[in-house]
Amino acid sequence: MASTIGMEVVGLDLSEPLDDATLAEVKTLFNNNGILLFRDQDLTEEQHIALSRRFGPLQSHVLKSYLKSDHPEILVVSNILDDQGRPIGIGDAGQLWHSDTSYIAEPCHCSLLYAREIPKPDGDRTYGDTAFASLIAAFEALSPDIQAKIADKRAVHSYEAYYVRRQKEGSKRPSLTKEQQKEAPDVIHPVVRPHPITGRKALFVNESYSVRVLDMEPAESEALLNELIAFGISDRFVYRHKWRKGDLILWDNWATQHLAIADYTLPQRRLMHRTTVLAR
C-alpha cells in the first residue's frame with residue numbers, strides 16, 4: 001500500500017466474532033492507517049452486518065431501491081441486471097472522488113465493502129479497481145501559507161448537485177424524489193476538519209459533493225476548490241486496490257476519500273456489498 005495510507009491485516013477470519021481485545025487492536029490499526037484490507041474472507045450477509053455493527057450503528061442509504069430487501073443495512077453496488085433488465089444495485093457508484101456521506105451533517109465514520117463477484121482479470125490487468133487517498137496526508141503536505149488560508153474556511157456539500165451532475169453525464173439513476181431531497185439537504189463542513197477520534201486535521205473537500213466555499217466570490221471559490229481537490233488526489237497520497245473475490249476493505253470516511261475505476265462493462269460482472277457505519 002501507499003506509504004501514507006492503509007495496511008493489510010492477515011490471519012483473521014472475519015466470519016468468526018472478534019473478541020474484545022482483537023477488536024480493540026483492529027480499531028487502533030484502523031485509526032492509525034485509515035484503511036484496512038482483509039483478504040480471502042467468506043462472509044454471509046448476516047456476518048458482514050454483524051462485523052460492521054462492532055464499529056457502530058449502521059446507515060440505511062438514501063437510495064432505498066438499491067438496498068437488500070431482506071438486509072437493508074447492505075447497499076448493493078453492481079452493474080448486474082435482473083431478469084427484467086433492471087439494475088440490482090448502483091452501477092455507477094463512486095466514479096468521482098468522494099468521502100461517503102460527506103453530504104450529511106455528521107458524515108458516516110467508516111464503510112465496509114465486500115467483494116462477492118469481480119470482473120475476470122486479463123493477465124496482469126485487473127478491472128474495477130478502487131483508488132483511495134489520504135485526506136490527512138494531503139492536509140499535512142500543504143504549504144503553511146495554504147494551511148493558514150483555509151484554516152477557517154467552510155464549504156457546502158450537496159448530494160442533489162452531485163446527483164444532477166451525474167444524470168447530465170448519462171447516469172441512468174431515476175431522479176431523486178422530494179422525500180429523498182429532504183433526507184439529504186445541503187450541509188456545511190469545515191474545509192479543514194479534525195478527525196473526531198484522533199484529532200488529526202484532514203483536507204475535507206472532494207470533487208463529488210463539495211460545491212462552493214462560503215464567503216468567497218464564485219470564481220475565487222471555484223479556483224480554490226479545484227486547487228485543493230487536485231492536490232488531495234496527487235499520486236503520493238493514493239493507493240489503488242486491485243480487488244480479489246473475498247476481499248473486505250474497511251475505510252475511514254473522516255480520513256480518506258476514494259474513487260471507483262469504471263473500466264468494465266457487461267458481460268464483465270461486478271457485485272459488491274457495502275455497509276456504512278454512522279458517526280456515534
# chains A, B, ... in the order shown; residues from 1 in each chain; ligands from 1

$ residues_around --residues "A:Tyr127" --least-positions-apart "3" --cutoff "12 Å" --atoms "only C-alpha atoms" --output "compact mmCIF listing (two decimals) with all heavy atoms, in the first residue's frame"
# COMPACT_ATOMS: atom_id res chain seq x y z
N GLU A 117 -18.28 -10.64 -6.28
CA GLU A 117 -18.00 -11.03 -7.66
C GLU A 117 -17.26 -9.87 -8.32
O GLU A 117 -17.67 -8.72 -8.19
CB GLU A 117 -19.31 -11.32 -8.40
CG GLU A 117 -19.13 -11.92 -9.77
CD GLU A 117 -20.44 -12.40 -10.41
OE1 GLU A 117 -21.47 -12.38 -9.70
OE2 GLU A 117 -20.43 -12.77 -11.60
N ILE A 118 -16.17 -10.19 -9.02
CA ILE A 118 -15.39 -9.13 -9.67
C ILE A 118 -15.13 -9.53 -11.12
O ILE A 118 -15.17 -10.71 -11.48
CB ILE A 118 -14.05 -8.89 -8.95
CG1 ILE A 118 -13.19 -10.16 -8.93
CG2 ILE A 118 -14.28 -8.37 -7.54
CD1 ILE A 118 -11.78 -9.92 -8.47
N PRO A 119 -14.88 -8.54 -11.97
CA PRO A 119 -14.56 -8.86 -13.36
C PRO A 119 -13.30 -9.73 -13.46
O PRO A 119 -12.37 -9.57 -12.68
CB PRO A 119 -14.31 -7.49 -14.00
CG PRO A 119 -15.07 -6.53 -13.14
CD PRO A 119 -14.96 -7.08 -11.75
N LYS A 120 -13.30 -10.64 -14.41
CA LYS A 120 -12.17 -11.54 -14.58
C LYS A 120 -10.96 -10.77 -15.05
O LYS A 120 -11.03 -9.99 -16.01
CB LYS A 120 -12.52 -12.64 -15.59
CG LYS A 120 -11.43 -13.69 -15.78
CD LYS A 120 -11.87 -14.76 -16.77
CE LYS A 120 -10.76 -15.80 -16.97
NZ LYS A 120 -11.18 -16.84 -17.95
N PRO A 121 -9.80 -10.95 -14.39
CA PRO A 121 -8.58 -10.28 -14.85
C PRO A 121 -8.16 -10.77 -16.23
O PRO A 121 -8.50 -11.87 -16.66
CB PRO A 121 -7.54 -10.67 -13.79
CG PRO A 121 -8.33 -11.13 -12.61
CD PRO A 121 -9.58 -11.75 -13.17
N ASP A 122 -7.42 -9.94 -16.94
CA ASP A 122 -6.84 -10.29 -18.23
C ASP A 122 -5.33 -10.28 -18.04
O ASP A 122 -4.68 -9.25 -18.19
CB ASP A 122 -7.28 -9.29 -19.29
CG ASP A 122 -6.73 -9.61 -20.67
OD1 ASP A 122 -6.15 -10.71 -20.83
OD2 ASP A 122 -6.86 -8.78 -21.58
N GLY A 123 -4.78 -11.44 -17.67
CA GLY A 123 -3.37 -11.49 -17.32
C GLY A 123 -3.14 -10.68 -16.06
O GLY A 123 -3.78 -10.90 -15.04
N ASP A 124 -2.22 -9.71 -16.14
CA ASP A 124 -1.96 -8.84 -15.00
C ASP A 124 -2.94 -7.67 -14.91
O ASP A 124 -2.93 -6.93 -13.92
CB ASP A 124 -0.53 -8.28 -15.08
CG ASP A 124 0.52 -9.37 -14.90
OD1 ASP A 124 0.21 -10.38 -14.25
OD2 ASP A 124 1.64 -9.20 -15.43
N THR A 130 -10.32 0.13 -7.09
CA THR A 130 -10.73 1.30 -6.30
C THR A 130 -9.49 2.01 -5.82
O THR A 130 -8.57 1.39 -5.30
CB THR A 130 -11.59 0.89 -5.09
OG1 THR A 130 -12.74 0.18 -5.53
CG2 THR A 130 -12.04 2.13 -4.31
N ARG A 240 -4.04 2.36 -4.96
CA ARG A 240 -5.01 1.76 -5.89
C ARG A 240 -5.13 0.28 -5.59
O ARG A 240 -4.16 -0.48 -5.70
CB ARG A 240 -4.57 1.99 -7.34
CG ARG A 240 -5.53 1.37 -8.35
CD ARG A 240 -5.32 1.93 -9.73
NE ARG A 240 -6.09 1.21 -10.74
CZ ARG A 240 -6.40 1.70 -11.93
NH1 ARG A 240 -5.99 2.93 -12.26
NH2 ARG A 240 -7.11 0.99 -12.80
N HIS A 241 -6.34 -0.13 -5.22
CA HIS A 241 -6.57 -1.51 -4.82
C HIS A 241 -7.08 -2.34 -5.98
O HIS A 241 -8.07 -1.99 -6.62
CB HIS A 241 -7.56 -1.60 -3.67
CG HIS A 241 -7.78 -2.99 -3.20
ND1 HIS A 241 -6.78 -3.74 -2.61
CD2 HIS A 241 -8.87 -3.82 -3.27
CE1 HIS A 241 -7.25 -4.94 -2.32
NE2 HIS A 241 -8.50 -5.02 -2.71
N LYS A 242 -6.42 -3.46 -6.22
CA LYS A 242 -6.84 -4.43 -7.22
C LYS A 242 -7.61 -5.54 -6.49
O LYS A 242 -7.03 -6.33 -5.76
CB LYS A 242 -5.63 -5.00 -7.96
CG LYS A 242 -4.83 -3.92 -8.71
CD LYS A 242 -3.63 -4.52 -9.41
CE LYS A 242 -2.83 -3.46 -10.15
NZ LYS A 242 -3.60 -2.87 -11.25
N TRP A 243 -8.90 -5.56 -6.72
CA TRP A 243 -9.78 -6.45 -5.95
C TRP A 243 -9.59 -7.91 -6.32
O TRP A 243 -9.33 -8.26 -7.47
CB TRP A 243 -11.23 -6.07 -6.21
CG TRP A 243 -11.66 -4.77 -5.60
CD1 TRP A 243 -11.68 -3.55 -6.20
CD2 TRP A 243 -12.12 -4.58 -4.26
NE1 TRP A 243 -12.13 -2.60 -5.31
CE2 TRP A 243 -12.41 -3.20 -4.12
CE3 TRP A 243 -12.32 -5.43 -3.16
CZ2 TRP A 243 -12.89 -2.66 -2.94
CZ3 TRP A 243 -12.79 -4.89 -1.99
CH2 TRP A 243 -13.07 -3.53 -1.87
N ARG A 244 -9.74 -8.76 -5.29
CA ARG A 244 -9.92 -10.19 -5.48
C ARG A 244 -11.22 -10.59 -4.79
O ARG A 244 -11.62 -9.96 -3.79
CB ARG A 244 -8.76 -10.98 -4.85
CG ARG A 244 -7.40 -10.61 -5.41
CD ARG A 244 -6.31 -11.65 -5.09
NE ARG A 244 -6.26 -12.07 -3.71
CZ ARG A 244 -5.14 -12.12 -2.99
NH1 ARG A 244 -3.99 -11.73 -3.52
NH2 ARG A 244 -5.15 -12.56 -1.75
N ALA A 260 -14.05 4.85 -7.58
CA ALA A 260 -14.27 3.59 -8.28
C ALA A 260 -13.80 3.74 -9.72
O ALA A 260 -14.23 4.67 -10.42
CB ALA A 260 -15.74 3.20 -8.23
N ILE A 261 -12.94 2.82 -10.17
CA ILE A 261 -12.42 2.87 -11.54
C ILE A 261 -13.41 2.14 -12.45
O ILE A 261 -13.56 0.92 -12.39
CB ILE A 261 -11.03 2.21 -11.63
CG1 ILE A 261 -10.09 2.78 -10.56
CG2 ILE A 261 -10.46 2.40 -13.04
CD1 ILE A 261 -9.82 4.25 -10.67
N ALA A 262 -14.09 2.90 -13.31
CA ALA A 262 -15.16 2.34 -14.15
C ALA A 262 -14.60 1.92 -15.50
O ALA A 262 -14.85 2.56 -16.53
CB ALA A 262 -16.27 3.37 -14.31
N ASP A 263 -13.86 0.82 -15.52
CA ASP A 263 -13.22 0.36 -16.75
C ASP A 263 -13.72 -1.02 -17.17
O ASP A 263 -13.00 -1.79 -17.80
CB ASP A 263 -11.70 0.35 -16.58
CG ASP A 263 -11.23 -0.54 -15.42
OD1 ASP A 263 -12.10 -1.08 -14.69
OD2 ASP A 263 -10.01 -0.68 -15.24
N TYR A 264 -14.97 -1.34 -16.84
CA TYR A 264 -15.54 -2.64 -17.19
C TYR A 264 -17.01 -2.43 -17.58
O TYR A 264 -17.67 -1.49 -17.13
CB TYR A 264 -15.45 -3.60 -16.00
CG TYR A 264 -16.19 -3.09 -14.78
CD1 TYR A 264 -17.50 -3.48 -14.51
CD2 TYR A 264 -15.59 -2.19 -13.90
CE1 TYR A 264 -18.19 -2.98 -13.42
CE2 TYR A 264 -16.26 -1.69 -12.81
CZ TYR A 264 -17.56 -2.09 -12.58
OH TYR A 264 -18.23 -1.57 -11.49
N THR A 265 -17.51 -3.31 -18.40
CA THR A 265 -18.93 -3.30 -18.80
C THR A 265 -19.39 -4.74 -18.93
O THR A 265 -18.58 -5.67 -19.04
CB THR A 265 -19.14 -2.59 -20.15
OG1 THR A 265 -18.34 -3.23 -21.16
CG2 THR A 265 -18.75 -1.11 -20.07
N LEU A 266 -20.71 -4.94 -18.90
CA LEU A 266 -21.24 -6.27 -19.12
C LEU A 266 -20.77 -6.78 -20.48
O LEU A 266 -20.65 -6.01 -21.43
CB LEU A 266 -22.77 -6.23 -19.08
CG LEU A 266 -23.39 -5.98 -17.69
CD1 LEU A 266 -24.89 -5.76 -17.81
CD2 LEU A 266 -23.09 -7.14 -16.74
N GLN A 268 -18.80 -8.38 -18.31
CA GLN A 268 -17.99 -8.38 -17.09
C GLN A 268 -18.88 -7.98 -15.91
O GLN A 268 -19.47 -6.90 -15.92
CB GLN A 268 -16.82 -7.40 -17.21
CG GLN A 268 -15.80 -7.75 -18.27
CD GLN A 268 -14.80 -6.63 -18.45
OE1 GLN A 268 -15.15 -5.51 -18.75
NE2 GLN A 268 -13.53 -6.94 -18.24
N ARG A 269 -18.97 -8.84 -14.92
CA ARG A 269 -19.88 -8.61 -13.80
C ARG A 269 -19.10 -8.21 -12.55
O ARG A 269 -18.02 -8.72 -12.29
CB ARG A 269 -20.70 -9.89 -13.49
CG ARG A 269 -21.72 -10.24 -14.55
CD ARG A 269 -22.14 -11.71 -14.46
NE ARG A 269 -22.61 -12.09 -13.14
CZ ARG A 269 -23.91 -12.24 -12.81
NH1 ARG A 269 -24.86 -12.01 -13.71
NH2 ARG A 269 -24.24 -12.62 -11.58
N ARG A 270 -19.71 -7.29 -11.80
CA ARG A 270 -19.11 -6.85 -10.53
C ARG A 270 -20.23 -6.74 -9.51
O ARG A 270 -21.24 -6.07 -9.74
CB ARG A 270 -18.41 -5.51 -10.71
CG ARG A 270 -17.57 -5.04 -9.51
CD ARG A 270 -16.82 -3.78 -9.91
NE ARG A 270 -15.85 -3.31 -8.91
CZ ARG A 270 -16.09 -2.37 -8.01
NH1 ARG A 270 -17.29 -1.79 -7.96
NH2 ARG A 270 -15.15 -1.99 -7.16

$ residues_around --residues "stretch 6-17 of chain A" --least-positions-apart "3" --cutoff "8 Å" --atoms "only C-alpha atoms" --output "list in words"
Met1, Ala2, Ser3, Leu29, Asn33, Gly34, Ile35, Leu36, Leu37, Phe38, Arg39, Gln41, Asp42, Leu43, Thr44, Gln47, His48, Leu51 and Tyr239 of chain A

$ residues_around --residues "A:Glu227" --least-positions-apart "2" --cutoff "12 Å" --atoms "only C-alpha atoms" --output "PyMOL selection string"
chain A and resi 142+146+150+203+205-207+220-225+229-234

$ write_last_selection --atoms "C-alpha atoms" --output "mmCIF file, in the first residue's frame"
data_model
loop_
_atom_site.group_PDB
_atom_site.id
_atom_site.type_symbol
_atom_site.label_atom_id
_atom_site.label_comp_id
_atom_site.auth_asym_id
_atom_site.auth_seq_id
_atom_site.Cartn_x
_atom_site.Cartn_y
_atom_site.Cartn_z
ATOM 1 C CA LEU A 142 0.028 21.630 2.149
ATOM 2 C CA ILE A 146 -2.288 27.414 2.191
ATOM 3 C CA ILE A 150 -8.072 27.626 4.570
ATOM 4 C CA LEU A 203 -8.489 18.248 3.984
ATOM 5 C CA VAL A 205 -13.222 18.513 0.298
ATOM 6 C CA ASN A 206 -13.936 16.263 -2.672
ATOM 7 C CA GLU A 207 -15.000 16.551 -6.305
ATOM 8 C CA GLU A 220 -12.340 32.528 -6.266
ATOM 9 C CA SER A 221 -14.244 29.701 -4.578
ATOM 10 C CA GLU A 222 -14.091 27.537 -7.699
ATOM 11 C CA ALA A 223 -10.367 28.146 -8.135
ATOM 12 C CA LEU A 224 -9.611 27.268 -4.506
ATOM 13 C CA LEU A 225 -11.734 24.112 -4.560
ATOM 14 C CA ILE A 229 -9.225 18.794 -4.815
ATOM 15 C CA ALA A 230 -6.462 18.258 -7.374
ATOM 16 C CA PHE A 231 -3.786 18.379 -4.669
ATOM 17 C CA GLY A 232 -5.667 15.886 -2.489
ATOM 18 C CA ILE A 233 -5.583 13.181 -5.149
ATOM 19 C CA SER A 234 -1.894 13.539 -6.005
#

$ atom_distance --atom1 "atom CA of A:Ile88" --atom2 "atom CA of A:Arg53"
24.2 Å

$ closest_residue --among "A:Leu259, A:Leu248, A:Ala279, A:Ala148" --to "A:Asp129" --atoms "only C-alpha atoms"
A:Leu259

$ atom_distance --atom1 "atom CA of A:Ala161" --atom2 "atom CA of A:Tyr103"
10.2 Å

$ select_by_dssp --residues "stretch 42-214 of chain A" --states "strand (DSSP E)" --output "VMD selection string"
chain A and resid 75 to 78 110 to 117 130 to 134 154 to 157 187 to 190 192 to 194 201 to 203 210 to 213

$ write_last_selection --atoms "N, CA and C atoms" --output "CSV table (one decimal), in the first residue's frame"
chain,number,residue,atom,x,y,z
A,75,LEU,N,-26.0,-2.0,1.1
A,75,LEU,CA,-26.1,-1.3,-0.2
A,75,LEU,C,-25.5,-2.2,-1.2
A,76,VAL,N,-26.2,-2.4,-2.3
A,76,VAL,CA,-25.6,-3.3,-3.4
A,76,VAL,C,-25.0,-2.3,-4.4
A,77,VAL,N,-23.8,-2.6,-4.7
A,77,VAL,CA,-23.0,-1.9,-5.7
A,77,VAL,C,-22.7,-2.8,-6.8
A,78,SER,N,-23.3,-2.7,-8.0
A,78,SER,CA,-23.2,-3.7,-9.0
A,78,SER,C,-23.7,-3.2,-10.4
A,110,CYS,N,-17.3,5.0,8.9
A,110,CYS,CA,-16.5,4.1,8.1
A,110,CYS,C,-17.4,3.3,7.2
A,111,SER,N,-16.9,2.7,6.2
A,111,SER,CA,-17.6,1.8,5.3
A,111,SER,C,-16.8,0.5,5.2
A,112,LEU,N,-17.6,-0.6,5.0
A,112,LEU,CA,-17.0,-1.9,4.8
A,112,LEU,C,-17.5,-2.5,3.5
A,113,LEU,N,-16.6,-2.6,2.5
A,113,LEU,CA,-17.0,-3.0,1.2
A,113,LEU,C,-16.4,-4.5,0.9
A,114,TYR,N,-17.4,-5.4,0.6
A,114,TYR,CA,-17.0,-6.8,0.4
A,114,TYR,C,-17.2,-7.2,-1.0
A,115,ALA,N,-16.2,-7.8,-1.6
A,115,ALA,CA,-16.2,-8.2,-3.0
A,115,ALA,C,-16.8,-9.6,-3.1
A,116,ARG,N,-18.0,-9.7,-3.7
A,116,ARG,CA,-18.6,-11.0,-3.9
A,116,ARG,C,-18.4,-11.5,-5.3
A,117,GLU,N,-18.3,-10.6,-6.3
A,117,GLU,CA,-18.0,-11.0,-7.7
A,117,GLU,C,-17.3,-9.9,-8.3
A,130,THR,N,-10.3,0.1,-7.1
A,130,THR,CA,-10.7,1.3,-6.3
A,130,THR,C,-9.5,2.0,-5.8
A,131,ALA,N,-9.5,3.3,-6.0
A,131,ALA,CA,-8.3,4.2,-5.5
A,131,ALA,C,-8.7,4.9,-4.3
A,132,PHE,N,-7.8,4.9,-3.3
A,132,PHE,CA,-8.0,5.6,-2.0
A,132,PHE,C,-7.0,6.7,-1.8
A,133,ALA,N,-7.4,7.8,-1.2
A,133,ALA,CA,-6.4,8.9,-1.0
A,133,ALA,C,-6.6,9.3,0.5
A,134,SER,N,-5.5,9.7,1.1
A,134,SER,CA,-5.5,10.1,2.5
A,134,SER,C,-5.7,11.6,2.6
A,154,ARG,N,-15.1,27.3,5.2
A,154,ARG,CA,-16.2,26.3,5.3
A,154,ARG,C,-16.7,26.1,3.9
A,155,ALA,N,-17.1,24.8,3.6
A,155,ALA,CA,-17.6,24.5,2.2
A,155,ALA,C,-19.0,23.8,2.3
A,156,VAL,N,-19.8,24.1,1.2
A,156,VAL,CA,-21.1,23.5,1.1
A,156,VAL,C,-20.9,22.1,0.4
A,157,HIS,N,-21.5,21.1,0.9
A,157,HIS,CA,-21.5,19.7,0.3
A,157,HIS,C,-23.0,19.4,-0.1
A,187,VAL,N,-25.3,20.6,3.2
A,187,VAL,CA,-24.8,20.8,4.5
A,187,VAL,C,-23.4,21.6,4.4
A,188,ILE,N,-22.9,22.1,5.5
A,188,ILE,CA,-21.7,22.9,5.5
A,188,ILE,C,-20.7,22.2,6.4
A,189,HIS,N,-19.4,22.0,5.9
A,189,HIS,CA,-18.4,21.4,6.7
A,189,HIS,C,-17.1,22.3,6.7
A,190,PRO,N,-16.3,22.3,7.7
A,190,PRO,CA,-15.0,22.9,7.6
A,190,PRO,C,-14.2,22.4,6.5
A,192,VAL,N,-11.0,22.3,6.6
A,192,VAL,CA,-10.0,21.6,7.4
A,192,VAL,C,-10.8,21.0,8.6
A,193,ARG,N,-11.0,19.7,8.6
A,193,ARG,CA,-11.9,19.0,9.6
A,193,ARG,C,-11.0,18.1,10.4
A,194,PRO,N,-10.9,18.4,11.7
A,194,PRO,CA,-10.2,17.5,12.6
A,194,PRO,C,-10.9,16.1,12.7
A,201,LYS,N,-5.8,16.7,11.5
A,201,LYS,CA,-6.6,17.5,10.6
A,201,LYS,C,-6.6,16.9,9.2
A,202,ALA,N,-7.8,16.9,8.6
A,202,ALA,CA,-8.0,16.4,7.3
A,202,ALA,C,-8.5,17.4,6.3
A,203,LEU,N,-8.0,17.3,5.0
A,203,LEU,CA,-8.5,18.2,4.0
A,203,LEU,C,-9.8,17.7,3.5
A,210,SER,N,-18.4,18.6,-2.8
A,210,SER,CA,-18.1,20.0,-2.4
A,210,SER,C,-18.3,20.9,-3.5
A,211,VAL,N,-19.2,21.9,-3.3
A,211,VAL,CA,-19.7,22.7,-4.4
A,211,VAL,C,-19.3,24.2,-4.3
A,212,ARG,N,-19.0,24.7,-3.1
A,212,ARG,CA,-18.5,26.1,-3.1
A,212,ARG,C,-18.0,26.3,-1.7
A,213,VAL,N,-17.1,27.3,-1.6
A,213,VAL,CA,-16.5,27.8,-0.3
A,213,VAL,C,-17.3,29.0,0.1

$ residues_around --residues "A:Ser99" --least-positions-apart "5" --cutoff "7 Å" --atoms "only C-alpha atoms" --output "list of chain:residue names"
A:Asn253, A:Thr256, A:Gln257, A:His258

$ write_last_selection --atoms "N, CA and C atoms" --output "compact mmCIF listing (two decimals), in the first residue's frame"
# COMPACT_ATOMS: atom_id res chain seq x y z
N ASN A 253 -14.10 7.27 6.47
CA ASN A 253 -14.59 8.39 5.67
C ASN A 253 -14.18 9.75 6.23
N THR A 256 -10.16 9.59 4.70
CA THR A 256 -9.84 9.20 3.32
C THR A 256 -10.95 9.59 2.36
N GLN A 257 -10.61 9.57 1.09
CA GLN A 257 -11.60 9.63 0.02
C GLN A 257 -11.27 8.52 -0.96
N HIS A 258 -12.20 8.20 -1.85
CA HIS A 258 -11.95 7.10 -2.77
C HIS A 258 -12.65 7.30 -4.11

$ residues_around --residues "A:Ile74" --least-positions-apart "3" --cutoff "7 Å" --atoms "only C-alpha atoms" --output "MDAnalysis selection string"
chainID A and resid 67:68 71 273:275

$ write_last_selection --atoms "N, CA and C atoms" --output "PDB file, in the first residue's frame"
ATOM      1  N   LEU A  67     -30.981  -1.155  -1.752  1.00  0.00           N
ATOM      2  CA  LEU A  67     -30.674  -1.875  -0.525  1.00  0.00           C
ATOM      3  C   LEU A  67     -31.192  -3.302  -0.639  1.00  0.00           C
ATOM      4  N   LYS A  68     -30.512  -4.230   0.035  1.00  0.00           N
ATOM      5  CA  LYS A  68     -31.000  -5.601   0.077  1.00  0.00           C
ATOM      6  C   LYS A  68     -32.347  -5.614   0.784  1.00  0.00           C
ATOM      7  N   HIS A  71     -32.005  -7.465   3.966  1.00  0.00           N
ATOM      8  CA  HIS A  71     -30.959  -6.908   4.826  1.00  0.00           C
ATOM      9  C   HIS A  71     -30.705  -5.459   4.393  1.00  0.00           C
ATOM     10  N   HIS A 273     -20.956  -5.636  -1.844  1.00  0.00           N
ATOM     11  CA  HIS A 273     -21.891  -5.295  -0.779  1.00  0.00           C
ATOM     12  C   HIS A 273     -21.215  -4.306   0.165  1.00  0.00           C
ATOM     13  N   ARG A 274     -21.909  -3.204   0.441  1.00  0.00           N
ATOM     14  CA  ARG A 274     -21.343  -2.177   1.312  1.00  0.00           C
ATOM     15  C   ARG A 274     -22.232  -1.913   2.516  1.00  0.00           C
ATOM     16  N   THR A 275     -21.613  -1.876   3.677  1.00  0.00           N
ATOM     17  CA  THR A 275     -22.269  -1.378   4.868  1.00  0.00           C
ATOM     18  C   THR A 275     -21.565  -0.093   5.277  1.00  0.00           C
TER      19      THR A 275
END

$ atom_distance --atom1 "atom CA of A:His61" --atom2 "atom CA of A:Gln180"
10.1 Å
